[in-house]
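Enquirer: So I've got this file, query_7.cif, and it contains mmCIF, C-alpha atoms and all ligand atoms:
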data_run
#
loop_
_atom_site.label_atom_id
_atom_site.label_comp_id
_atom_site.auth_asym_id
_atom_site.auth_seq_id
_atom_site.Cartn_x
_atom_site.Cartn_y
_atom_site.Cartn_z
CA MET K 1 73.86 73.41 104.65
CA SER K 2 76.28 76.30 104.64
CA ASP K 3 75.86 79.02 107.23
CA THR K 4 74.51 82.16 105.55
CA ARG K 5 74.00 84.28 108.65
CA PRO K 6 75.66 87.74 108.56
CA TRP K 7 78.93 88.50 110.34
CA LEU K 8 78.50 90.84 113.28
CA LYS K 9 81.98 92.30 112.74
CA ASP K 10 81.13 93.35 109.18
CA LEU K 11 79.20 96.27 110.67
CA SER K 12 80.55 99.51 112.06
CA VAL K 13 78.99 100.59 115.36
CA GLU K 14 76.87 103.10 113.42
CA ALA K 15 75.61 100.37 111.08
CA LEU K 16 74.84 98.05 114.00
CA ARG K 17 72.89 100.86 115.68
CA ALA K 18 70.81 101.26 112.54
CA ARG K 19 70.25 97.50 112.32
CA PHE K 20 69.16 97.33 115.94
CA GLY K 21 66.87 100.34 115.43
CA GLU K 22 65.08 98.59 112.56
CA ARG K 23 64.41 95.60 114.75
CA GLY K 24 63.12 97.50 117.75
CA VAL K 25 66.31 97.00 119.79
CA LYS K 26 67.52 100.15 121.57
CA PRO K 27 70.32 101.60 119.39
CA TYR K 28 72.64 102.18 122.39
CA ARG K 29 72.88 98.40 122.74
CA ALA K 30 75.21 98.55 119.72
CA GLU K 31 77.78 100.47 121.75
CA GLN K 32 77.47 97.94 124.56
CA VAL K 33 78.07 95.07 122.14
CA ALA K 34 81.07 96.94 120.68
CA GLU K 35 82.55 97.38 124.13
CA TRP K 36 82.33 93.66 124.76
CA VAL K 37 83.60 92.51 121.41
CA TYR K 38 86.29 95.06 120.54
CA GLY K 39 86.99 96.63 123.92
CA ARG K 40 87.24 93.44 125.95
CA GLY K 41 87.59 90.75 123.32
CA VAL K 42 84.49 88.86 124.48
CA GLU K 43 82.76 87.09 121.59
CA ASP K 44 80.23 84.94 123.40
CA PRO K 45 76.95 86.86 123.71
CA ALA K 46 75.98 84.73 126.73
CA ALA K 47 78.79 86.49 128.67
CA MET K 48 77.52 90.01 127.84
CA THR K 49 75.90 90.48 131.19
CA ASN K 50 74.58 94.02 130.76
CA LEU K 51 72.39 92.97 127.82
CA PRO K 52 68.85 91.64 128.23
CA ARG K 53 68.63 87.89 127.94
CA ASP K 54 66.50 87.82 124.81
CA LEU K 55 68.97 90.11 123.04
CA ARG K 56 71.86 87.84 124.04
CA GLU K 57 69.97 84.89 122.61
CA ASP K 58 69.16 86.75 119.40
CA LEU K 59 72.79 87.79 119.00
CA ALA K 60 73.99 84.21 119.35
CA ARG K 61 71.35 82.87 116.97
CA GLU K 62 71.38 85.46 114.21
CA TRP K 63 75.03 86.37 113.72
CA ARG K 64 78.31 84.71 112.98
CA TRP K 65 81.14 85.78 115.25
CA ARG K 66 84.65 84.42 114.67
CA ALA K 67 85.86 84.87 111.11
CA LEU K 68 89.51 83.84 111.59
CA GLU K 69 91.48 81.35 113.64
CA VAL K 70 95.22 81.36 114.31
CA GLU K 71 96.88 78.45 112.55
CA ALA K 72 100.54 79.11 113.34
CA VAL K 73 102.59 81.73 115.17
CA GLU K 74 106.25 82.56 114.56
CA ARG K 75 108.27 84.85 116.80
CA SER K 76 111.33 86.68 115.52
CA ARG K 77 114.55 87.30 117.44
CA ASP K 78 113.56 90.98 117.58
CA GLY K 79 110.11 90.31 119.10
CA THR K 80 108.17 90.63 115.85
CA THR K 81 105.35 88.08 115.76
CA LYS K 82 103.82 86.76 112.56
CA ALA K 83 100.62 84.74 112.57
CA ARG K 84 99.20 82.64 109.83
CA LEU K 85 95.42 82.94 110.01
CA VAL K 86 92.80 80.77 108.39
CA ALA K 87 89.40 81.99 107.19
CA ARG K 88 86.19 79.92 107.20
CA ASP K 89 86.68 78.95 103.56
CA GLY K 90 90.23 77.72 104.23
CA GLU K 91 92.00 80.75 102.73
CA ILE K 92 95.23 81.68 104.46
CA LEU K 93 96.49 85.16 105.31
CA GLU K 94 99.12 86.71 107.53
CA ALA K 95 99.32 89.51 110.10
CA VAL K 96 102.38 90.85 111.91
CA LEU K 97 102.84 92.44 115.36
CA ILE K 98 105.82 94.77 115.67
CA PRO K 99 106.74 95.77 119.22
CA GLU K 100 108.89 98.89 119.55
CA GLU K 101 110.04 100.85 122.54
CA ARG K 102 107.04 103.09 122.94
CA ARG K 103 104.48 101.47 120.70
CA THR K 104 103.24 98.18 119.32
CA THR K 105 102.14 98.22 115.70
CA LEU K 106 99.92 95.65 114.02
CA CYS K 107 100.25 95.19 110.26
CA VAL K 108 97.02 93.81 108.76
CA SER K 109 96.19 92.25 105.39
CA THR K 110 93.26 93.42 103.26
CA GLN K 111 93.25 90.75 100.55
CA VAL K 112 94.27 87.12 100.20
CA GLY K 113 97.16 87.59 97.79
CA CYS K 114 97.30 90.79 95.72
CA PRO K 115 96.48 91.63 92.10
CA LEU K 116 99.13 94.35 91.67
CA ALA K 117 102.11 92.07 90.98
CA CYS K 118 104.81 94.54 92.07
CA SER K 119 107.99 92.94 90.80
CA PHE K 120 109.89 93.01 94.12
CA CYS K 121 107.06 91.91 96.46
CA ALA K 122 106.47 88.31 97.59
CA THR K 123 102.71 88.82 97.99
CA GLY K 124 102.50 90.02 94.39
CA LYS K 125 103.65 86.59 93.21
CA LEU K 126 100.47 84.98 94.58
CA GLY K 127 97.95 86.81 92.44
CA LEU K 128 94.63 87.79 93.98
CA ARG K 129 92.53 85.05 95.53
CA ARG K 130 89.89 87.28 97.08
CA ASN K 131 89.14 90.36 99.15
CA LEU K 132 88.92 90.10 102.91
CA SER K 133 85.69 91.14 104.62
CA THR K 134 85.55 93.77 107.35
CA ALA K 135 85.03 90.94 109.86
CA GLU K 136 88.22 89.26 108.61
CA ILE K 137 90.21 92.49 108.84
CA VAL K 138 88.91 93.21 112.34
CA ASP K 139 89.46 89.62 113.45
CA GLN K 140 93.17 90.03 112.65
CA VAL K 141 93.21 92.75 115.30
CA LEU K 142 91.37 90.60 117.84
CA ARG K 143 93.42 87.45 117.22
CA MET K 144 96.76 89.33 117.25
CA ARG K 145 95.86 91.28 120.40
CA GLU K 146 95.48 87.93 122.15
CA LEU K 147 99.14 87.23 121.28
CA LEU K 148 100.47 90.38 122.96
CA ALA K 149 102.74 90.05 125.95
CA PRO K 150 100.87 90.71 129.23
CA GLY K 151 100.82 94.40 130.03
CA SER K 152 101.48 95.59 126.49
CA ALA K 153 98.75 97.15 124.39
CA LEU K 154 98.20 97.60 120.69
CA THR K 155 98.91 101.25 119.87
CA ASN K 156 99.04 101.46 116.05
CA VAL K 157 97.50 99.67 113.08
CA VAL K 158 98.96 99.84 109.57
CA PHE K 159 97.19 98.47 106.49
CA MET K 160 100.45 97.27 104.97
CA GLY K 161 100.05 93.50 104.93
CA MET K 162 98.95 91.37 101.99
CA GLY K 163 96.81 93.11 99.40
CA GLU K 164 95.98 96.58 98.12
CA PRO K 165 93.64 98.31 100.60
CA LEU K 166 92.15 100.70 98.04
CA LEU K 167 90.99 97.78 95.89
CA ASN K 168 88.90 96.67 98.87
CA LEU K 169 87.91 100.13 100.00
CA ALA K 170 84.41 99.53 101.39
CA ALA K 171 85.57 96.76 103.74
CA VAL K 172 88.66 98.75 104.75
CA VAL K 173 86.63 101.87 105.58
CA GLU K 174 84.22 99.92 107.83
CA ALA K 175 87.19 98.27 109.57
CA VAL K 176 88.83 101.68 110.12
CA ARG K 177 85.55 102.98 111.60
CA LEU K 178 85.68 100.18 114.17
CA LEU K 179 89.35 100.90 114.91
CA LEU K 180 88.57 104.57 115.57
CA HIS K 181 85.22 104.27 117.36
CA PRO K 182 85.72 105.20 121.03
CA ARG K 183 83.49 102.35 122.23
CA ALA K 184 85.14 99.79 119.89
CA PHE K 185 88.97 99.83 119.56
CA GLY K 186 89.24 103.54 120.33
CA LEU K 187 92.47 104.27 118.45
CA ALA K 188 93.33 107.89 117.63
CA PRO K 189 93.23 108.64 113.87
CA ARG K 190 96.95 109.44 113.77
CA ARG K 191 97.63 105.85 114.87
CA VAL K 192 95.99 104.23 111.85
CA THR K 193 97.76 104.23 108.46
CA VAL K 194 96.45 102.96 105.14
CA SER K 195 99.05 102.28 102.46
CA THR K 196 98.42 102.27 98.72
CA ALA K 197 100.49 101.57 95.64
CA GLY K 198 98.60 104.49 94.07
CA VAL K 199 95.03 103.60 93.08
CA VAL K 200 94.50 107.20 92.07
CA PRO K 201 90.68 107.48 91.92
CA ARG K 202 90.30 106.07 95.41
CA ILE K 203 92.85 108.08 97.38
CA ARG K 204 90.52 111.02 97.94
CA ASP K 205 87.58 108.66 98.62
CA LEU K 206 89.54 107.04 101.44
CA LEU K 207 90.48 110.32 103.09
CA GLU K 208 86.98 111.73 102.71
CA ALA K 209 85.53 108.63 104.38
CA VAL K 210 87.92 108.24 107.32
CA PRO K 211 90.61 110.44 108.93
CA VAL K 212 93.57 108.07 108.62
CA ASN K 213 97.23 108.61 107.74
CA LEU K 214 98.01 107.98 104.10
CA ALA K 215 101.09 106.05 103.01
CA LEU K 216 102.05 105.91 99.35
CA SER K 217 104.31 103.19 97.95
CA LEU K 218 106.28 105.20 95.41
CA HIS K 219 109.62 103.37 94.91
CA ALA K 220 110.59 105.11 91.68
CA THR K 221 110.61 108.57 90.14
CA SER K 222 110.64 107.76 86.44
CA ASP K 223 107.75 106.04 84.65
CA ALA K 224 110.20 103.68 82.94
CA VAL K 225 111.36 102.24 86.28
CA ARG K 226 108.04 102.49 88.12
CA ASP K 227 106.19 100.73 85.26
CA VAL K 228 108.35 97.70 86.04
CA LEU K 229 108.38 97.85 89.86
CA VAL K 230 104.71 98.82 90.30
CA PRO K 231 102.78 97.81 87.15
CA LEU K 232 99.81 99.87 88.40
CA ASN K 233 101.92 102.83 87.22
CA ARG K 234 100.99 102.00 83.62
CA ARG K 235 97.41 102.88 84.46
CA PHE K 236 98.22 105.82 86.76
CA PRO K 237 101.60 107.24 85.75
CA LEU K 238 103.68 109.49 87.99
CA ALA K 239 102.29 112.79 86.72
CA VAL K 240 98.70 111.59 87.27
CA LEU K 241 99.59 110.28 90.72
CA ARG K 242 101.32 113.53 91.68
CA GLU K 243 98.28 115.53 90.58
CA ALA K 244 96.00 113.33 92.72
CA LEU K 245 98.00 114.22 95.83
CA GLU K 246 97.20 117.94 95.59
CA ASP K 247 94.84 119.36 98.22
CA LEU K 248 93.86 116.08 99.81
CA PRO K 249 91.62 116.25 102.88
CA ARG K 250 93.50 116.08 106.18
CA ILE K 251 97.00 116.19 104.63
CA GLY K 252 99.04 119.14 105.90
CA PRO K 253 102.18 120.08 107.78
CA ARG K 254 101.09 118.06 110.80
CA HIS K 255 99.70 115.19 108.75
CA PRO K 256 102.16 114.48 105.96
CA ILE K 257 101.79 111.76 103.35
CA PHE K 258 104.16 108.93 104.25
CA VAL K 259 106.03 108.08 101.09
CA GLU K 260 107.49 104.58 101.09
CA TYR K 261 110.55 104.01 98.95
CA THR K 262 112.03 100.51 98.81
CA LEU K 263 115.72 100.79 97.93
CA LEU K 264 116.81 98.29 95.28
CA ALA K 265 120.50 98.09 94.40
CA GLY K 266 121.24 99.42 90.94
CA VAL K 267 117.55 100.05 90.21
CA ASN K 268 116.42 103.14 92.13
CA ASP K 269 119.23 103.95 94.58
CA ALA K 270 121.43 106.43 92.69
CA PRO K 271 121.94 110.02 93.90
CA GLU K 272 120.06 111.14 90.77
CA ASP K 273 117.04 109.08 91.93
CA ALA K 274 117.15 110.88 95.28
CA ARG K 275 117.30 114.26 93.55
CA ARG K 276 114.33 113.35 91.32
CA LEU K 277 112.44 112.15 94.37
CA ALA K 278 112.98 115.49 96.09
CA ARG K 279 111.76 117.30 92.96
CA TRP K 280 108.70 115.05 92.64
CA LEU K 281 107.76 115.74 96.25
CA HIS K 282 108.34 119.48 96.01
CA GLY K 283 105.32 121.35 97.38
CA LEU K 284 103.83 118.28 99.09
CA HIS K 285 103.62 117.69 102.81
CA ALA K 286 105.48 114.41 102.78
CA LYS K 287 107.73 112.28 104.91
CA VAL K 288 109.88 109.68 103.21
CA ASN K 289 110.38 106.19 104.64
CA LEU K 290 113.32 104.43 103.02
CA ILE K 291 113.04 100.64 103.22
CA PRO K 292 116.09 98.68 102.09
CA PHE K 293 114.80 95.73 100.07
CA ASN K 294 113.93 92.65 102.11
CA PRO K 295 114.92 89.56 100.16
CA HIS K 296 112.57 86.62 99.67
CA PRO K 297 112.90 83.32 97.80
CA GLY K 298 112.97 83.78 94.06
CA SER K 299 113.43 87.55 94.09
CA GLU K 300 115.97 88.94 91.66
CA TYR K 301 116.66 92.16 93.60
CA ALA K 302 119.15 93.08 96.32
CA ALA K 303 119.36 95.79 98.96
CA PRO K 304 121.98 98.48 98.37
CA GLY K 305 125.08 98.50 100.55
CA PRO K 306 125.44 100.94 103.46
CA ALA K 307 127.32 103.54 101.39
CA ALA K 308 124.57 103.80 98.76
CA ILE K 309 121.90 103.99 101.47
CA GLU K 310 123.83 106.73 103.30
CA GLY K 311 124.34 108.61 100.04
CA PHE K 312 120.62 108.46 99.21
CA LEU K 313 119.68 109.65 102.71
CA ALA K 314 122.20 112.50 102.58
CA GLU K 315 120.95 113.66 99.18
CA LEU K 316 117.39 113.91 100.56
CA ALA K 317 118.45 115.49 103.85
CA ARG K 318 120.41 118.16 101.95
CA ARG K 319 117.13 119.11 100.28
CA ARG K 320 115.47 119.37 103.71
CA LEU K 321 113.18 116.42 103.18
CA ALA K 322 111.89 114.63 106.26
CA VAL K 323 113.28 111.16 105.83
CA THR K 324 113.68 108.05 107.97
CA LEU K 325 115.38 104.76 107.30
CA ARG K 326 113.15 101.87 108.29
CA ARG K 327 114.92 99.11 110.10
CA SER K 328 113.89 95.72 108.85
CA ARG K 329 111.84 93.88 111.45
CA GLY K 330 111.10 90.19 111.60
CA ASP K 331 113.10 89.31 108.50
CA ASP K 332 114.29 86.04 110.06
CA ILE K 333 110.67 84.80 109.98
CA ALA K 334 109.75 86.39 106.61
CA ALA K 335 107.54 88.95 108.37
CA ALA K 336 109.18 92.07 106.95
CA CYS K 337 107.64 94.36 104.29
CA GLY K 338 106.95 92.46 101.10
CA GLN K 339 107.76 89.06 102.55
CA LEU K 340 104.21 88.04 103.42
CA ALA K 341 103.30 85.17 101.18
CA ALA K 342 101.49 82.70 103.43
CA GLN K 343 103.84 79.87 102.58
CA GLY K 344 101.88 76.85 101.60
CA ALA K 345 98.99 78.96 100.35
CA ARG K 346 97.71 77.96 96.98
CA PRO K 347 98.73 80.27 94.13
CA GLY K 348 95.82 82.40 93.01
CA PRO K 349 93.85 82.13 89.81
CA VAL K 350 94.89 84.71 87.28
CA LYS K 351 92.51 87.64 87.62
CA PRO K 352 92.61 90.94 85.77
CA ALA K 353 95.48 92.77 87.43
CA LEU K 354 94.09 96.28 87.47
CA PRO K 355 90.69 97.85 88.13
CA ALA K 356 88.98 99.65 85.30
CA ALA K 357 89.92 103.32 85.51
CA GLU K 358 86.28 104.36 85.80
CA ASP K 359 85.51 101.79 88.52
CA ALA K 360 83.29 103.13 91.28
CA PRO K 361 85.05 103.56 94.62
CA GLY K 362 84.88 100.49 96.80
CA GLY K 363 83.37 98.48 93.98
CA CYS K 364 86.03 95.80 93.90
N1 LIG K 401 99.53 97.34 98.45
C1 LIG K 401 99.77 98.36 99.45
C2 LIG K 401 99.90 97.77 100.84
C3 LIG K 401 101.16 96.93 101.06
S1 LIG K 401 102.28 97.89 101.99
C4 LIG K 401 100.97 99.18 99.06
O1 LIG K 401 101.63 98.82 98.09
O2 LIG K 401 101.22 100.21 99.67
C5 LIG K 401 103.76 96.98 101.91
C6 LIG K 401 104.93 97.88 101.64
O3 LIG K 401 106.14 97.09 101.57
C7 LIG K 401 104.80 98.56 100.30
O4 LIG K 401 105.37 99.84 100.36
C8 LIG K 401 105.62 97.64 99.43
O5 LIG K 401 105.99 98.26 98.25
C9 LIG K 401 106.79 97.32 100.33
N2 LIG K 401 107.51 96.12 99.94
C10 LIG K 401 107.04 95.09 99.21
N3 LIG K 401 107.99 94.15 99.05
C11 LIG K 401 109.08 94.59 99.68
C12 LIG K 401 110.37 94.03 99.89
N4 LIG K 401 110.68 92.83 99.43
N5 LIG K 401 111.25 94.75 100.62
C13 LIG K 401 110.92 95.95 101.13
N6 LIG K 401 109.70 96.51 100.98
C14 LIG K 401 108.80 95.85 100.27
#
Starting from the coordinates I provided, produce the structure as structure tokens.

Expert:
Amino acid sequence: MSDTRPWLKDLSVEALRARFGERGVKPYRAEQVAEWVYGRGVEDPAAMTNLPRDLREDLAREWRWRALEVEAVERSRDGTTKARLVARDGEILEAVLIPEERRTTLCVSTQVGCPLACSFCATGKLGLRRNLSTAEIVDQVLRMRELLAPGSALTNVVFMGMGEPLLNLAAVVEAVRLLLHPRAFGLAPRRVTVSTAGVVPRIRDLLEAVPVNLALSLHATSDAVRDVLVPLNRRFPLAVLREALEDLPRIGPRHPIFVEYTLLAGVNDAPEDARRLARWLHGLHAKVNLIPFNPHPGSEYAAPGPAAIEGFLAELARRRLAVTLRRSRGDDIAAACGQLAAQGARPGPVKPALPAAEDAPGGC
């Protein structure tokens, strides 16, 4: 018979407190469990020595614990580490660790595959297989932390792996709560970033639920080009998207929106594109991340040459936009942005690509 017990890691600490309360267990035990599981990476209740024995036995009997196992690990020349993870139902996903001088960032997936089918993204070619649960998102953090070099710690988490986080909002929000809870992972809010291709009705919902950084995958400044690169644009065109970015909670001079712009030769890299980008961003607290296209098998795009990249940067800098050029990391192991495709994964069934405009938040 299949195991139908609930996953402990699907619950935020607050939700576990409530669950314990209903069952006559002291709510503060939830914080103790969180410290073991997320703080110390201990997943065997028998080892949780500050809990009463009957609670340890109940925990082991009533809950499921490990949602993901590492199937393969690849390390890049630059220290980037990509892991292929397998869920209980055999679905495959990927997560990437990116060590830098003063921080180590983990890039997590939120779906197996992705329904958005952005034309330049490897994940988009897979279609959507299914959403990941909170336990599966959080287990990426636990499994990847075990792969860190001794002495280094995870400092940042970005929701920029496979999938569209805002089409799996409820699970993402609970996972973020665990990342931020001081007794769980204890990350500061400015160290957690959720990226979206622009699911307009859910942007505000995300920021009202959790104080994370927002990243927006923009990539184009005319509807004609963005309709092709990010088909979601046909549902939420640029003017609608721009309007949705006004007066968002938390966003301000010290918490800009991170605007991601993948540079594609001959598609969106002309000086006129840069000027339009500056105009589109006018009046927004934004910081632009330029990402030269990372090639992947079967893609028909190319990265611009250094002169075009420099020209684009200069055009933005002249207009006093905060802009950075993102170095490609882990591209020798297909771990860079848009290269996650869980090679060997089965292609997904064809599902409706876009949510209904009136969909309730987190309903996907
Ligand atoms: N669906 C979300 C989360 C994925 S984030 C989103 O779109 O924001 C991954 C980022 O890498 C996005 O900005 C995506 O547009 C970008 N990307 C995808 N494929 C890429 C490629 N081949 N080269 C460079 N960037 C790419």

Enquirer: Using all atoms listed in the file for the distances, tell me which of K:Phe312, K:Trp280, K:Trp36, K:Phe258 is nearest to ligand LIG 401 (chain K).

Expert: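 Checking each candidate against ligand LIG 401 (chain K), we get K:Phe258 as the closest.
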
Enquirer: Figure out the distance between atom CA of Thr155 of chain K and atom CA of Ala188 of chain K, please, to one decimal in Å.

Expert: 9.0 Å

Enquirer: Within 6 Å of ligand LIG 401 (chain K), counting all atoms listed in the file: which residues, as JSON, numbers by chain?

Expert: {"K": [120, 121, 160, 161, 163, 164, 195, 196, 197, 216, 217, 260, 262, 291, 292, 293, 294, 295, 337, 338, 339]}

Enquirer: To one decimal in Å, tell me the separation between atom CA of Pro99 of chain K and atom CA of Ala72 of chain K.

Expert: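 These atoms are spaced 18.7 Å apart.
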
Enquirer: Can you work out the spacing between atom CA of Asp205 of chain K and atom CA of Thr110 of chain K in Å, to one decimal?

Expert: 16.9 Å

Enquirer: Looking at K:Leu11, K:Val158, K:Leu51, K:Ala303, which one is nearest to Trp65 of chain K, with distances taken over only C-alpha atoms?

Expert: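 Closest to Trp65 of chain K of all the choices is K:Leu11.
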
Enquirer: Measuring atom to atom with only C-alpha atoms, identify which of K:Arg329, K:Arg64, K:Arg183, K:Arg17 is nearest to Thr80 of chain K.

Expert: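 Selected residue with least distance to Thr80 of chain K: K:Arg329.
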
Enquirer: Which residues come within 8 Å of Leu321 of chain K, counting only C-alpha atoms, excluding same-chain residues fewer than 2 positions away, as a PyMOL selection string?

Expert: chain K and resi 278+286-288+316-319+323

Enquirer: Choose the residue, out of K:Gly124, K:Gly252, K:Pro237, K:Gly21, that has the smallest atom-to-atom separation from Ala220 of chain K; count all atoms listed in the file.

Expert: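 The shortest atom-to-atom distance to Ala220 of chain K comes from K:Pro237.
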
Enquirer: Given the choices K:Arg327, K:Glu243, K:His219, K:Ala341, which gets closest to Glu100 of chain K if the distance is worked out from all atoms listed in the file?

Expert: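 For Glu100 of chain K, the nearest of the candidates is K:Arg327.
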
Enquirer: With all atoms listed in the file as the atoms that count, which of K:Ala95, K:Ala34, K:Leu206, K:Ala46 lies nearest to Val194 of chain K?

Expert: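 For Val194 of chain K, the nearest of the candidates is K:Leu206.
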
Enquirer: Could you name the residues that touch segment 41-45 of chain K at 6 Å or less, counting all atoms listed in the file, but leaving out those on the same chain fewer than 3 positions away, as a PyMOL selection string?

Expert: chain K and resi 36-38+48+56+60

Enquirer: Let's have the selection written as a PDB file, keeping the file's coordinate frame, with C-alpha atoms.

Expert:
ATOM      1  CA  TRP K  36      82.330  93.660 124.760  1.00  0.00           C
ATOM      2  CA  VAL K  37      83.600  92.510 121.410  1.00  0.00           C
ATOM      3  CA  TYR K  38      86.290  95.060 120.540  1.00  0.00           C
ATOM      4  CA  MET K  48      77.520  90.010 127.840  1.00  0.00           C
ATOM      5  CA  ARG K  56      71.860  87.840 124.040  1.00  0.00           C
ATOM      6  CA  ALA K  60      73.990  84.210 119.350  1.00  0.00           C
TER       7      ALA K  60
END

Enquirer: Quick one: segment 39-80 of chain K from the block, C-alpha atoms, as a PDB file, in the first residue's frame.

Expert:
ATOM      1  CA  GLY K  39      19.192  23.904  11.948  1.00  0.00           C
ATOM      2  CA  ARG K  40      21.237  20.741  12.334  1.00  0.00           C
ATOM      3  CA  GLY K  41      20.063  18.579   9.469  1.00  0.00           C
ATOM      4  CA  VAL K  42      18.954  15.733  11.742  1.00  0.00           C
ATOM      5  CA  GLU K  43      15.993  13.847  10.284  1.00  0.00           C
ATOM      6  CA  ASP K  44      15.768  10.855  12.591  1.00  0.00           C
ATOM      7  CA  PRO K  45      13.383  11.648  15.454  1.00  0.00           C
ATOM      8  CA  ALA K  46      15.095   9.023  17.624  1.00  0.00           C
ATOM      9  CA  ALA K  47      18.162  11.329  17.717  1.00  0.00           C
ATOM     10  CA  MET K  48      16.176  14.373  18.927  1.00  0.00           C
ATOM     11  CA  THR K  49      17.278  13.972  22.494  1.00  0.00           C
ATOM     12  CA  ASN K  50      15.529  16.970  24.036  1.00  0.00           C
ATOM     13  CA  LEU K  51      12.100  15.638  23.032  1.00  0.00           C
ATOM     14  CA  PRO K  52      10.072  13.268  25.217  1.00  0.00           C
ATOM     15  CA  ARG K  53      10.273   9.673  24.089  1.00  0.00           C
ATOM     16  CA  ASP K  54       6.610   9.298  23.200  1.00  0.00           C
ATOM     17  CA  LEU K  55       6.793  12.403  21.001  1.00  0.00           C
ATOM     18  CA  ARG K  56       9.866  11.009  19.219  1.00  0.00           C
ATOM     19  CA  GLU K  57       7.975   7.797  18.567  1.00  0.00           C
ATOM     20  CA  ASP K  58       4.903   9.659  17.324  1.00  0.00           C
ATOM     21  CA  LEU K  59       7.050  11.779  15.010  1.00  0.00           C
ATOM     22  CA  ALA K  60       8.665   8.709  13.484  1.00  0.00           C
ATOM     23  CA  ARG K  61       5.345   6.896  13.087  1.00  0.00           C
ATOM     24  CA  GLU K  62       3.081   9.659  11.832  1.00  0.00           C
ATOM     25  CA  TRP K  63       5.185  11.670   9.404  1.00  0.00           C
ATOM     26  CA  ARG K  64       7.240  11.159   6.304  1.00  0.00           C
ATOM     27  CA  TRP K  65      10.658  12.784   6.421  1.00  0.00           C
ATOM     28  CA  ARG K  66      12.939  12.612   3.376  1.00  0.00           C
ATOM     29  CA  ALA K  67      11.264  13.786   0.189  1.00  0.00           C
ATOM     30  CA  LEU K  68      14.331  13.857  -2.101  1.00  0.00           C
ATOM     31  CA  GLU K  69      17.503  11.870  -2.594  1.00  0.00           C
ATOM     32  CA  VAL K  70      20.611  12.933  -4.513  1.00  0.00           C
ATOM     33  CA  GLU K  71      20.999  10.859  -7.651  1.00  0.00           C
ATOM     34  CA  ALA K  72      24.032  12.509  -9.242  1.00  0.00           C
ATOM     35  CA  VAL K  73      26.365  15.410  -8.510  1.00  0.00           C
ATOM     36  CA  GLU K  74      28.412  17.366 -11.047  1.00  0.00           C
ATOM     37  CA  ARG K  75      31.049  19.906 -10.088  1.00  0.00           C
ATOM     38  CA  SER K  76      32.057  22.697 -12.446  1.00  0.00           C
ATOM     39  CA  ARG K  77      35.573  24.052 -12.952  1.00  0.00           C
ATOM     40  CA  ASP K  78      34.430  27.228 -11.182  1.00  0.00           C
ATOM     41  CA  GLY K  79      33.142  25.394  -8.077  1.00  0.00           C
ATOM     42  CA  THR K  80      29.473  25.457  -9.069  1.00  0.00           C
TER      43      THR K  80
END
